[in-house]
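Scroll down for the structure; my scribbles are underneath it.
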Amino acid sequence: MSYLLYNAIIHGHPRADSILIVQDSIYHVGSKAECKILSSENTNEIDLRGKMLLPAFCDAHTHFVEYAKSRLLVNLIPCHSITDIEAELARYRKELSYDAKWILGGGWNRNVLDDPMALNKHLVDRIFPDIPVSLFSRDYHAKLLNSKALEIAGWDHMTPDPPGGRFERLANGELSGVLYETATEMIDRHTIAPPETAIIQSICDTVESIYELGIVGFHSMEYKASADLLRGAQKRGSMFRACWHFQASELDLMIDSEKKSYEGDEFFKIGGLKLFGDGSLGSRTAAMFAPYSGTESEYGILRYEDDDLYLKMEKAAKAGFATTIHAIGDRCTRQVIDATLRLRQTPQYRNLLNRIEHVQSIRIQDIPDLKRSGLFASLQPVHIANDIPMIHKNWKHIQEEAYAFKSMLKAGIPIAFGSDTPIETINPFHGIYSAITRRHQLDPSAEPFFPDECISAEEAIDAYTMGAAAASRSEMIRGDIQKGYLADLIVLEDYRSLPDEYWLEARSLFTMIAGKVVLNTF
């Protein structure tokens, strides 16, 4: 199938207004007359009516299967009180559509609750006394279990905290049901997911829903079981580009497979070894150099000792795997920089595409070393919209370190943008607005948060396109509009003539992946 898209403003091509697509790739960018000469008789012509044609977006950091499963599982994100949570759990139980062996899902956020400690196992027990429950916090760094789940795991008031994690306890010493960091992973071997067929169908439905957001690809930070579900959806005909970053417990399995990072095709690639270096801002577990505001001894949780992190990275590197490391606190960010600099002392490891995820805080003096380390920075601007109050509360003394996007770009650090969905909205237009305005709750009337770190719309778009392509070693075939590049394209209004608030309501008018039209409003 061939397409001639004409009467367009083409991103990166001020003198062109048309593009010819043959099969899955861009064949020519130029005038309509030039494209017609090169096209065949059965080429489909589409008038884009003066709209802007851009490369399609790729979300560089998701938990996509979890996002898709949220259509099936408990979703507490809209809940802002204990009453809301209890009502939603009761509604979910009443309307449960399958025979659930475990109740899964999450989205709870103690930071918005009037009585945070009332969110514990006793609340969940009132609705689910008979079925085990495991619910992630919104930031995915804590879980809430009911008594049945604690019983199945064999945990009680005598259970010690694991390294890099914590069991929260009530005033009487018993477990509250809330687990933090590595403790959250210890329940996973007991949980039972919904039926595979239901999850695959949910993935297919979710992929259909992201085309209007201009997204045709994503990086997924999940277990192999989730990667298999993504492949299952592709076998059903669902069209998306995926790069899978595997978990620490799967490293030996991946080494035995004799695969390497960024092998595969443009529909499915293997990324790197995903490690969690620390926790999160919301849970006050991000590892910091200075204690959290208002405390004398809360520094967050650093999951690895310096040598342990290096040895994990070295083990992966020896097998040809890059490492993709979650780092939110400035102490953890520095640890990742140091481990990577140390790894680069070995010449054969210098070409690995090691990534640092989030970088929500970095000391300004560490930015040159971040550049020197060669780390690729995968960032999520949409977090800014919700994090500003928590930054004021927890990082009051280092607010200027938070989300230093402009400083990183000026230093020449390669970046890609993503969402961290389902922790935040997958909507990249909201991410663009957040990156260019830095306003709380995406509110146009709010004061920008450290506006010197705002970036331009073009820089934000580049991070979702060329940057995201480079984050999977695909920059020579995706993420740009050039002859020979894959025809992954979207059409937007000409945002250059519109106020910034356009991004709050923006939608793709036309979406194409691999030369196939998957959305067309023309």
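We label chains A, B, ... in the order they appear in the structure tokens, count residues from 1 in each chain, and number ligands from 1 in the order shown.
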
Which of range 6-47 of chain A fall in alpha helix (DSSP H), as a list of chain:residue names = A:Lys32, A:Ala33, A:Glu34, A:Cys35, A:Lys36, A:Ile37, A:Leu38

query = Where does DSSP see strand (DSSP E) in range 479-516 of chain A, if you list the residues as a list of chain:residue names?
reply = A:Leu489, A:Ile490, A:Val491, A:Leu492, A:Phe510, A:Thr511, A:Met512, A:Ile513, A:Lys516

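With only C-alpha atoms as the atoms that count, the residue of A:Asn394, A:Thr333, A:Ser25, A:Asn7 with the shortest distance to Leu48 in chain A is A:Asn7.
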
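Nearest residue to Ala385 in chain A, choosing from A:Asn354, A:Ser249, A:Ser434, A:Gln399 and counting only C-alpha atoms: A:Ser434.
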
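Across the structure, CA of Met512 in chain A and CA of Ile215 in chain A are spaced 9.7 Å apart.
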
query = Any idea what's packed within 9 Å of range 27-44 of chain A, counting only C-alpha atoms, ignoring anything in its chain fewer than 4 positions away? Could you give it as a ChimeraX atom specification?
reply = /A:1-7,10,13,15-22,481-485

ask   = Which residues come within 12 Å of Ile127 in chain A, counting only C-alpha atoms, excluding same-chain residues fewer than 5 positions away, as a ChimeraX atom specification?
value = /A:85-94,103,121-122,132-133,146-148

Could you save those same residues with C-alpha atoms as a compact mmCIF listing (two decimals), in the first residue's frame?
```
# COMPACT_ATOMS: atom_id res chain seq x y z
CA ILE A 85 -11.38 3.88 48.79
CA GLU A 86 -13.79 1.77 50.80
CA ALA A 87 -16.64 2.57 48.41
CA GLU A 88 -14.55 1.73 45.35
CA LEU A 89 -13.43 -1.60 46.80
CA ALA A 90 -17.03 -2.47 47.62
CA ARG A 91 -18.15 -1.50 44.10
CA TYR A 92 -15.35 -3.54 42.56
CA ARG A 93 -16.29 -6.64 44.56
CA LYS A 94 -19.95 -6.31 43.58
CA ILE A 103 -7.66 -9.05 44.16
CA LYS A 121 -5.20 -4.18 56.31
CA HIS A 122 -8.25 -3.69 58.54
CA PRO A 132 -6.21 -12.24 49.36
CA VAL A 133 -5.59 -8.64 48.27
CA ASN A 146 -5.12 -7.63 53.63
CA SER A 147 -4.85 -10.16 56.45
CA LYS A 148 -5.53 -13.08 54.09
```
